>>> print(open('coords15.tsv').read())   # TSV, C-alpha atoms
chain	number	residue	atom	x	y	z
W	174	MET	CA	-13.82	-59.55	39.86
W	175	ALA	CA	-16.34	-61.46	37.77
W	176	CYS	CA	-16.73	-64.78	36.07
W	177	ILE	CA	-18.75	-66.13	33.19
W	178	LYS	CA	-20.46	-69.50	33.27
W	179	GLY	CA	-22.48	-71.48	30.78
W	180	VAL	CA	-25.58	-72.82	32.48
W	181	ASN	CA	-28.02	-75.57	31.59
W	182	ARG	CA	-31.19	-74.59	33.42
W	183	SER	CA	-34.40	-76.64	33.67
W	184	ALA	CA	-37.59	-75.44	35.27
W	185	SER	CA	-38.59	-77.23	38.42
W	186	VAL	CA	-42.19	-78.43	38.75
W	187	ALA	CA	-41.97	-77.79	42.49
W	188	LEU	CA	-40.80	-74.22	41.87
W	189	ALA	CA	-43.07	-73.17	39.00
W	190	GLU	CA	-45.92	-75.63	39.73
W	191	GLU	CA	-45.87	-76.55	36.06
W	192	ALA	CA	-43.45	-78.08	33.58
W	193	GLU	CA	-40.97	-75.96	31.68
W	194	CYS	CA	-42.75	-74.17	28.84
W	195	CYS	CA	-42.71	-71.13	26.59
W	196	ASP	CA	-43.52	-68.32	29.02
W	197	VAL	CA	-42.69	-69.90	32.37
W	198	PHE	CA	-39.24	-70.98	33.42
W	199	GLY	CA	-37.49	-71.04	36.74
W	200	LEU	CA	-34.33	-71.99	38.52
W	201	ASP	CA	-33.95	-74.63	41.18
W	202	GLU	CA	-30.43	-74.40	42.58
W	203	GLU	CA	-30.47	-78.14	43.19
W	204	LEU	CA	-31.09	-78.75	39.48
W	205	LEU	CA	-28.56	-76.16	38.30
W	206	GLU	CA	-25.91	-77.73	36.11
W	207	VAL	CA	-22.83	-75.86	35.00
W	208	VAL	CA	-21.49	-77.23	31.74
W	209	PRO	CA	-19.09	-78.76	31.19
W	210	LYS	CA	-17.44	-80.62	34.00
W	211	PRO	CA	-14.64	-79.80	34.33
W	212	VAL	CA	-14.52	-76.25	32.90
W	213	LEU	CA	-11.54	-75.98	30.57
W	214	GLY	CA	-11.09	-72.25	30.80
W	215	VAL	CA	-11.81	-69.48	33.28
W	216	LEU	CA	-12.28	-65.75	32.64
W	217	LEU	CA	-11.36	-63.19	35.25
W	218	LEU	CA	-12.48	-59.59	34.71
W	219	SER	CA	-11.05	-56.58	36.46
W	220	VAL	CA	-11.86	-52.91	36.03
W	221	LEU	CA	-8.50	-52.38	34.36
W	222	HIS	CA	-8.40	-55.02	31.65
W	223	PHE	CA	-9.60	-58.38	30.46
W	224	ASP	CA	-7.28	-61.32	30.65
W	225	ALA	CA	-7.37	-63.49	27.54
W	226	PHE	CA	-9.23	-66.74	27.91
W	227	HIS	CA	-10.92	-69.48	25.96
W	228	LEU	CA	-13.99	-71.39	27.03
W	229	SER	CA	-14.72	-74.70	25.36
W	230	PHE	CA	-17.62	-76.33	27.14
W	231	CYS	CA	-18.79	-79.34	25.20
W	232	ILE	CA	-20.07	-80.40	21.81
W	233	TRP	CA	-23.42	-78.67	22.15
W	234	PHE	CA	-22.24	-75.55	23.98
W	235	PRO	CA	-18.90	-74.09	22.84
W	236	SER	CA	-17.96	-70.49	23.57
W	237	GLN	CA	-14.87	-68.35	23.25
W	238	TYR	CA	-13.67	-64.86	24.09
W	239	ARG	CA	-10.38	-63.08	23.71
W	240	GLY	CA	-9.62	-59.40	23.99
W	241	SER	CA	-8.65	-56.38	26.01
W	242	TYR	CA	-10.73	-53.96	28.03
W	243	PHE	CA	-10.34	-51.08	25.63
W	244	CYS	CA	-11.47	-52.84	22.45
W	245	PRO	CA	-13.06	-56.19	23.28
W	246	PRO	CA	-14.15	-58.38	20.38
W	247	PRO	CA	-17.36	-60.32	20.87
W	248	SER	CA	-17.77	-63.43	22.93
W	249	SER	CA	-19.05	-65.97	20.44
W	250	ALA	CA	-21.52	-68.68	21.30
W	251	LYS	CA	-22.55	-71.66	19.18
W	252	ILE	CA	-25.13	-73.76	20.97
W	253	GLY	CA	-26.99	-76.82	19.83
W	254	PRO	CA	-28.54	-79.07	19.23
W	255	ILE	CA	-29.66	-79.18	22.86
W	256	PRO	CA	-30.01	-82.82	23.94
W	257	THR	CA	-33.40	-83.94	25.27
W	258	ASP	CA	-32.69	-87.66	25.61
W	259	ASP	CA	-33.52	-87.36	29.30
W	260	GLY	CA	-37.01	-86.06	28.48
W	261	VAL	CA	-36.30	-82.66	30.05
W	262	GLY	CA	-36.43	-79.31	28.26
W	263	LYS	CA	-33.56	-76.90	28.84
W	264	GLU	CA	-32.70	-73.22	28.72
W	265	VAL	CA	-29.08	-72.32	28.04
W	266	ILE	CA	-27.92	-69.03	29.50
W	267	THR	CA	-24.68	-67.20	30.03
W	268	ARG	CA	-24.36	-65.56	33.42
W	269	MET	CA	-21.91	-62.80	34.28
W	270	THR	CA	-21.36	-61.98	37.94
W	271	ALA	CA	-19.58	-58.97	39.43
W	272	ASN	CA	-19.17	-57.79	43.02
W	273	MET	CA	-21.45	-54.79	42.49
W	274	ALA	CA	-24.19	-53.55	44.84
W	275	THR	CA	-26.84	-52.76	42.23
W	276	ASN	CA	-29.88	-52.42	44.54
W	277	LYS	CA	-32.09	-54.68	42.36
W	278	GLU	CA	-31.81	-52.19	39.46
W	279	PHE	CA	-30.79	-52.83	35.86
W	280	TYR	CA	-31.50	-51.30	32.46
W	281	THR	CA	-32.64	-52.82	29.18
W	282	ASP	CA	-33.06	-51.17	25.80
W	283	SER	CA	-36.40	-50.32	24.22
W	284	ASN	CA	-36.29	-51.18	20.52
W	285	GLY	CA	-32.56	-50.52	20.44
W	286	ARG	CA	-32.92	-46.85	21.43
W	287	ASP	CA	-33.54	-45.59	24.95
W	288	PHE	CA	-32.72	-47.69	28.01
W	289	LEU	CA	-35.52	-48.31	30.51
W	290	LYS	CA	-34.92	-48.77	34.22
W	291	ARG	CA	-35.99	-52.15	35.59
W	292	VAL	CA	-36.35	-53.07	39.26
W	293	ARG	CA	-36.33	-56.73	40.11
W	294	ASP	CA	-39.66	-58.07	41.43
W	295	HIS	CA	-41.29	-54.64	41.07
W	296	ARG	CA	-43.78	-52.85	38.81
W	297	ASP	CA	-44.41	-49.12	38.98
W	298	ASP	CA	-48.10	-49.39	38.10
W	299	TRP	CA	-49.31	-52.07	40.48
W	300	PRO	CA	-48.18	-54.05	43.56
W	301	LEU	CA	-46.55	-57.15	42.12
W	302	GLN	CA	-47.08	-60.54	43.69
W	303	VAL	CA	-44.00	-62.53	42.73
W	304	THR	CA	-44.95	-65.96	41.40
W	305	GLN	CA	-42.23	-66.28	38.74
W	306	PRO	CA	-38.96	-64.91	40.20
W	307	VAL	CA	-36.99	-65.78	37.05
W	308	ALA	CA	-39.38	-65.45	34.11
W	309	GLY	CA	-41.01	-62.39	35.69
W	310	ASN	CA	-37.73	-60.50	35.59
W	311	TYR	CA	-36.71	-61.32	32.00
W	312	TYR	CA	-36.98	-58.57	29.37
W	313	PRO	CA	-36.51	-58.56	25.59
W	314	LEU	CA	-33.18	-57.19	24.36
W	315	ASN	CA	-32.39	-55.76	20.94
W	316	LEU	CA	-29.28	-53.79	21.87
W	317	GLY	CA	-28.24	-54.78	25.36
W	318	ILE	CA	-28.48	-54.63	29.12
W	319	TYR	CA	-26.45	-52.94	31.84
W	320	THR	CA	-26.34	-52.51	35.58
W	321	LYS	CA	-24.43	-50.09	37.78
W	322	ASP	CA	-23.47	-49.21	41.32
W	323	LYS	CA	-21.88	-46.11	42.85
W	324	LYS	CA	-18.54	-46.72	41.10
W	325	SER	CA	-18.94	-48.74	37.91
W	326	GLU	CA	-21.21	-49.68	35.03
W	327	PHE	CA	-21.32	-53.24	33.71
W	328	SER	CA	-22.69	-53.42	30.14
W	329	VAL	CA	-23.47	-56.31	27.80
W	330	LEU	CA	-24.53	-55.75	24.17
W	331	VAL	CA	-25.98	-58.36	21.81
W	332	ASP	CA	-26.04	-58.71	18.02
W	333	ARG	CA	-29.53	-60.23	17.80
W	334	ALA	CA	-32.79	-60.21	19.74
W	335	THR	CA	-32.66	-62.23	22.95
W	336	GLY	CA	-33.82	-62.15	26.56
W	337	GLY	CA	-31.92	-60.75	29.51
W	338	ALA	CA	-32.26	-60.32	33.25
W	339	SER	CA	-30.52	-59.55	36.52
W	340	ILE	CA	-31.81	-62.19	38.92
W	341	LYS	CA	-29.40	-61.21	41.71
W	342	ASP	CA	-27.47	-58.02	42.44
W	343	GLY	CA	-24.32	-57.79	40.35
W	344	GLU	CA	-25.53	-60.43	37.89
W	345	VAL	CA	-26.38	-60.11	34.20
W	346	GLU	CA	-27.59	-63.11	32.26
W	347	LEU	CA	-28.66	-63.72	28.69
W	348	MET	CA	-30.90	-66.46	27.33
W	349	LEU	CA	-28.83	-67.97	24.53
W	350	HIS	CA	-30.95	-70.93	23.48
W	351	ARG	CA	-34.03	-72.92	24.53
W	352	ARG	CA	-35.51	-76.26	23.72
W	353	ILE	CA	-38.79	-76.93	25.52
W	354	LEU	CA	-40.85	-80.11	25.36
W	355	HIS	CA	-44.17	-78.88	26.79
W	356	ASP	CA	-46.72	-76.30	25.69
W	357	ASP	CA	-47.85	-73.87	28.37
W	358	GLY	CA	-51.42	-73.55	27.08
W	359	ARG	CA	-51.08	-69.77	26.82
W	360	GLY	CA	-51.59	-69.27	23.11
W	361	VAL	CA	-48.55	-70.69	21.31
W	362	GLY	CA	-50.21	-74.04	20.82
W	363	GLU	CA	-46.96	-75.99	20.59
W	364	ALA	CA	-43.74	-76.63	22.43
W	365	LEU	CA	-40.61	-74.67	21.56
W	366	ASP	CA	-38.97	-77.71	20.05
W	367	GLU	CA	-38.17	-76.71	16.47
W	368	GLN	CA	-36.09	-79.30	14.63
W	369	VAL	CA	-34.17	-79.74	11.41
W	370	CYS	CA	-34.93	-82.96	9.56
W	371	VAL	CA	-33.11	-84.67	6.68
W	372	ASN	CA	-33.44	-87.95	4.78
W	373	ASN	CA	-37.19	-87.55	4.29
W	374	ASN	CA	-37.68	-86.65	7.94
W	375	LYS	CA	-35.98	-89.84	9.10
W	376	THR	CA	-33.22	-87.98	10.94
W	377	CYS	CA	-34.17	-84.95	13.07
W	378	GLU	CA	-32.28	-82.88	15.60
W	379	GLY	CA	-32.76	-79.60	17.44
W	380	LEU	CA	-31.58	-76.25	16.14
W	381	THR	CA	-28.08	-74.87	16.48
W	382	VAL	CA	-27.86	-71.12	17.10
W	383	ARG	CA	-25.01	-68.64	16.94
W	384	GLY	CA	-24.63	-65.27	18.58
W	385	ASN	CA	-22.17	-62.68	19.80
W	386	TYR	CA	-22.22	-60.54	22.90
W	387	TYR	CA	-19.95	-57.67	23.89
W	388	ILE	CA	-18.84	-56.83	27.43
W	389	SER	CA	-17.54	-53.64	29.00
W	390	ILE	CA	-16.89	-52.38	32.52
W	391	ASP	CA	-16.67	-48.59	32.76
W	392	LYS	CA	-16.52	-45.94	35.41
W	393	LEU	CA	-19.87	-44.57	36.49
W	394	GLY	CA	-21.15	-42.17	33.84
W	395	ALA	CA	-18.79	-43.40	31.10
W	396	GLY	CA	-20.65	-46.51	30.00
W	397	ALA	CA	-23.17	-44.75	27.74
W	398	ARG	CA	-20.47	-43.70	25.29
W	399	TRP	CA	-19.27	-47.29	24.91
W	400	ARG	CA	-22.81	-48.64	24.57
W	401	ARG	CA	-23.81	-46.13	21.91
W	402	THR	CA	-20.61	-46.30	19.90
W	403	THR	CA	-20.25	-50.07	20.02
W	404	GLY	CA	-23.97	-50.58	19.54
W	405	GLN	CA	-23.88	-48.54	16.35
W	406	GLU	CA	-20.91	-50.56	15.08
W	407	ILE	CA	-22.81	-53.79	15.78
W	408	TYR	CA	-26.01	-52.57	14.14
W	409	SER	CA	-24.38	-50.86	11.15
W	410	PRO	CA	-21.03	-52.52	10.39
W	411	PHE	CA	-18.93	-51.58	7.40
W	412	LEU	CA	-20.36	-53.11	4.24
W	413	LEU	CA	-17.86	-54.42	1.74
W	414	ALA	CA	-19.21	-54.25	-1.82
W	415	PHE	CA	-17.74	-55.32	-5.18
W	416	THR	CA	-18.59	-54.72	-8.81
W	417	HIS	CA	-17.43	-55.91	-12.21
W	418	GLU	CA	-14.91	-53.80	-14.08
W	419	ASN	CA	-14.40	-53.52	-17.80
W	420	SER	CA	-11.46	-55.88	-18.23
W	421	GLU	CA	-10.39	-54.22	-21.48
W	422	SER	CA	-9.83	-50.82	-19.84
W	423	TRP	CA	-8.80	-52.00	-16.40
W	424	LYS	CA	-5.68	-50.56	-14.88
W	425	SER	CA	-4.20	-51.91	-11.70
W	426	SER	CA	-3.56	-48.37	-10.44
W	427	HIS	CA	-7.18	-47.29	-10.91
W	428	TRP	CA	-9.06	-46.20	-7.79
W	429	THR	CA	-12.83	-45.75	-7.83
W	430	LYS	CA	-14.10	-42.85	-5.74
W	431	GLY	CA	-17.78	-42.62	-4.90
W	432	THR	CA	-18.14	-40.06	-2.12
W	433	ILE	CA	-20.08	-36.82	-2.36
W	434	MET	CA	-19.07	-35.61	1.10
W	435	ASP	CA	-16.42	-33.05	1.82
W	436	PRO	CA	-13.34	-35.22	2.49
W	437	ASN	CA	-12.53	-33.12	5.56
W	438	TYR	CA	-16.00	-33.46	7.09
W	439	SER	CA	-17.66	-36.24	9.08
W	440	LEU	CA	-20.87	-36.53	11.05
W	441	PRO	CA	-20.69	-35.63	14.75
W	442	PRO	CA	-20.01	-38.68	16.96
W	443	ASN	CA	-23.48	-38.46	18.52
W	444	VAL	CA	-25.31	-38.54	15.17
W	445	ALA	CA	-26.11	-41.64	13.14
W	446	LEU	CA	-27.17	-41.88	9.51
W	447	ILE	CA	-30.49	-43.73	9.31
W	448	THR	CA	-31.59	-43.26	5.68
W	449	LEU	CA	-29.87	-41.95	2.56
W	450	GLU	CA	-32.03	-42.61	-0.48
W	451	GLU	CA	-32.22	-40.93	-3.87
W	452	LEU	CA	-35.82	-40.33	-4.96
W	453	ASP	CA	-37.33	-39.21	-8.25
W	454	GLY	CA	-36.29	-35.87	-9.68
W	455	GLY	CA	-32.88	-35.89	-8.06
W	456	VAL	CA	-34.35	-35.50	-4.57
W	457	VAL	CA	-32.48	-37.18	-1.70
W	458	LEU	CA	-34.20	-38.48	1.42
W	459	LEU	CA	-31.92	-38.06	4.43
W	460	ARG	CA	-32.80	-39.25	7.94
W	461	LEU	CA	-30.47	-38.69	10.89
W	462	ALA	CA	-30.77	-39.79	14.52
W	463	HIS	CA	-29.32	-38.46	17.75
W	464	LEU	CA	-27.80	-41.46	19.50
W	465	TYR	CA	-27.99	-40.23	23.10
W	466	GLU	CA	-30.80	-39.71	25.53
W	467	ALA	CA	-31.09	-36.55	27.62
W	468	SER	CA	-28.54	-36.55	30.47
W	469	GLU	CA	-27.11	-39.88	29.32
W	470	ASP	CA	-23.63	-38.49	28.62
W	471	ALA	CA	-22.12	-35.24	29.89
W	472	GLU	CA	-20.57	-34.34	26.53
W	473	TYR	CA	-22.75	-35.98	23.87
W	474	SER	CA	-26.28	-35.61	25.32
W	475	THR	CA	-26.45	-32.12	23.86
W	476	LEU	CA	-27.74	-30.36	20.77
W	477	THR	CA	-25.52	-30.92	17.78
W	478	LYS	CA	-25.16	-29.51	14.29
W	479	VAL	CA	-24.92	-31.21	10.90
W	480	GLU	CA	-23.60	-29.16	7.99
W	481	LEU	CA	-25.61	-30.30	4.99
W	482	LYS	CA	-23.56	-28.30	2.49
W	483	LYS	CA	-20.48	-30.26	3.55
W	484	LEU	CA	-22.39	-33.51	3.76
W	485	PHE	CA	-23.47	-32.96	0.12
W	486	ALA	CA	-20.46	-31.00	-1.05
W	487	LYS	CA	-20.99	-31.85	-4.74
W	488	LYS	CA	-24.63	-30.79	-4.76
W	489	THR	CA	-25.26	-27.31	-6.14
W	490	ASN	CA	-28.51	-26.63	-4.30
W	491	VAL	CA	-29.56	-27.61	-0.77
W	492	GLU	CA	-33.00	-26.40	0.25
W	493	CYS	CA	-34.94	-27.03	3.45
W	494	SER	CA	-38.71	-26.75	3.36
W	495	ALA	CA	-41.78	-28.13	5.11
W	496	ARG	CA	-42.71	-31.54	3.75
W	497	ALA	CA	-44.82	-34.43	4.99
W	498	ILE	CA	-42.08	-36.05	7.03
W	499	ILE	CA	-43.24	-36.17	10.65
W	500	ASP	CA	-41.16	-37.64	13.45
W	501	LEU	CA	-42.31	-38.78	16.88
W	502	GLY	CA	-41.88	-35.24	18.18
W	503	ALA	CA	-44.31	-33.89	15.51
W	504	HIS	CA	-41.55	-32.02	13.69
W	505	THR	CA	-42.19	-31.59	9.97
W	506	ASP	CA	-39.03	-29.92	8.69
W	507	SER	CA	-37.19	-31.68	5.88
W	508	CYS	CA	-34.67	-30.77	3.22
W	509	ILE	CA	-34.82	-30.86	-0.56
W	510	ILE	CA	-31.37	-31.61	-1.97
W	511	THR	CA	-30.66	-31.29	-5.67
>>> encode(input="coords15.tsv", output="structure tokens")
Amino acid sequence: MACIKGVNRSASVALAEEAECCDVFGLDEELLEVVPKPVLGVLLLSVLHFDAFHLSFCIWFPSQYRGSYFCPPPSSAKIGPIPTDDGVGKEVITRMTANMATNKEFYTDSNGRDFLKRVRDHRDDWPLQVTQPVAGNYYPLNLGIYTKDKKSEFSVLVDRATGGASIKDGEVELMLHRRILHDDGRGVGEALDEQVCVNNNKTCEGLTVRGNYYISIDKLGAGARWRRTTGQEIYSPFLLAFTHENSESWKSSHWTKGTIMDPNYSLPPNVALITLEELDGGVVLLRLAHLYEASEDAEYSTLTKVELKKLFAKKTNVECSARAIIDLGAHTDSCIIT
């Protein structure tokens, strides 16, 4: 089972030997405050399904989630402005805890593509002396974070850049919002206390942020498919577009068709469309990406084939020739489509 909590966390001077600031933050269990009191809703997660729940914390930290295991909608967070009337800066996180033996290991994405293995309080290149047990284990997230044990994988995806960590085995936490009152003297030159002011700067308050995160618990080896599929849906959602019609010739039964693909063809599920751009002279620039890393998924981490003649079914000529398009693997093949 697992639970989700909203946490108001302030760095302790005794723990970090300095005030809360941009790059240094810590957790003193005695200062830990779970908001609100009392909690109005509780989420219980099982490997089989999610029970519906609603979390409504307080004015400055509301959150909600409702869904099923197979197709969970996002958990939405709207946080702010963070109060600082007590003169203390705060970090707002969401922490998810499961009874998993993860052996200090978790994985975070690198620029939304491959996932890199992280080991808590460890660096491969040098012997780490742990002075910041919280801040030293936070990593930037563009796509998400996951952890696993011998039976299950616990994944969390985000819809915007944030920070994430696994401070204890079986835990995943995200940094949702921060409001810091002190500069750390490490280059920023100011505290992270951005404000919105109105009435000629007479009334100011801290920022309010919104964000969504997506949760899944899968059997070991099955989580990559959910992360890649859902991650692509988050990054490239359907775009609804409208245009003006000629009102004089409009017919209610008229349907506008704009596809050039073979109606019976679609891209393989492990391929994503990155760029489709028409250049001068009728040339089309097409960039595709393989979504899976090697050995990430038993079925989809394999070579795949894209049929360009079906992808551009209405084009009369599809040529592939060497052009100055070089990818990270130093491949220079490209296609001229007319």
>>> atom_distance(input="coords15.tsv", atom1="CA of Lys482 in chain W", atom2="CA of Ser439 in chain W")
11.9 Å
>>> residues_around(input="coords15.tsv", residues="Gly379 in chain W", least_positions_apart="2", cutoff="10 Å", atoms="only C-alpha atoms", output="PyMOL selection string")
chain W and resi 253-257+351-352+366-370+377+381-382
>>> atom_distance(input="coords15.tsv", atom1="CA of Asp470 in chain W", atom2="CA of Met348 in chain W")
28.9 Å
>>> residues_around(input="coords15.tsv", residues="Thr335 in chain W", least_positions_apart="3", cutoff="8 Å", atoms="all atoms listed in the file", output="mmCIF file with C-alpha atoms, in the frame of the given file")
data_model
loop_
_atom_site.group_PDB
_atom_site.id
_atom_site.type_symbol
_atom_site.label_atom_id
_atom_site.label_comp_id
_atom_site.auth_asym_id
_atom_site.auth_seq_id
_atom_site.Cartn_x
_atom_site.Cartn_y
_atom_site.Cartn_z
ATOM 1 C CA PRO W 313 -36.510 -58.560 25.590
ATOM 2 C CA LEU W 314 -33.180 -57.190 24.360
ATOM 3 C CA ASN W 315 -32.390 -55.760 20.940
ATOM 4 C CA VAL W 331 -25.980 -58.360 21.810
ATOM 5 C CA LEU W 347 -28.660 -63.720 28.690
ATOM 6 C CA MET W 348 -30.900 -66.460 27.330
ATOM 7 C CA LEU W 349 -28.830 -67.970 24.530
#
>>> residues_near_point(input="coords15.tsv", point="(-16.9, -51.1, 27.5)", cutoff="9 Å", atoms="all atoms listed in the file", output="list in words")
Tyr242, Phe243, Cys244, Pro245, Glu326, Phe327, Ser328, Val329, Tyr387, Ile388, Ser389, Ile390, Asp391, Ala395, Gly396, Ala397, Arg398, Trp399, Arg400 and Thr403 of chain W
>>> closest_residue(input="coords15.tsv", among="W:Pro436, W:Leu446, W:Leu393, W:His355", to="Ser409 in chain W", atoms="all atoms listed in the file")
W:Leu446
>>> closest_atom_pairs(input="coords15.tsv", of="range 308-348 of chain W", to="range 293-299 of chain W", cutoff="8 Å", atoms="only C-alpha atoms", output="CSV")
residue,atom,partner,partner_atom,distance
W:Gly309,CA,W:Asp294,CA,7.3
W:Asn310,CA,W:Arg293,CA,6.1
W:Ser339,CA,W:Arg293,CA,7.4
W:Ile340,CA,W:Arg293,CA,7.2
>>> write_last_selection(input="coords15.tsv", atoms="C-alpha atoms", output="CSV table (one decimal), keeping the file's coordinate frame")
chain,number,residue,atom,x,y,z
W,309,GLY,CA,-41.0,-62.4,35.7
W,310,ASN,CA,-37.7,-60.5,35.6
W,339,SER,CA,-30.5,-59.6,36.5
W,340,ILE,CA,-31.8,-62.2,38.9
>>> closest_residue(input="coords15.tsv", among="W:Gly336, W:Tyr319, W:Tyr386, W:Pro306", to="Ser249 in chain W", atoms="all atoms listed in the file")
W:Tyr386
>>> residues_around(input="coords15.tsv", residues="Tyr408 in chain W", least_positions_apart="2", cutoff="10 Å", atoms="only C-alpha atoms", output="list in words")
Gly285, Asn315, Leu316, Val331, Asp332, Arg333, Thr403, Gly404, Gln405, Glu406, Pro410 and Phe411 of chain W
>>> residues_around(input="coords15.tsv", residues="Lys483 in chain W", least_positions_apart="4", cutoff="9 Å", atoms="all atoms listed in the file", output="list of chain:residue names")
W:Ile433, W:Met434, W:Asp435, W:Pro436, W:Asn437, W:Tyr438, W:Ser439, W:Val479, W:Lys487
>>> closest_residue(input="coords15.tsv", among="W:Gly317, W:Gly260, W:Pro442, W:Pro300", to="Ser283 in chain W", atoms="all atoms listed in the file")
W:Gly317
>>> closest_residue(input="coords15.tsv", among="W:Asn284, W:Gly455, W:Lys341, W:Thr376", to="Lys488 in chain W", atoms="all atoms listed in the file")
W:Gly455
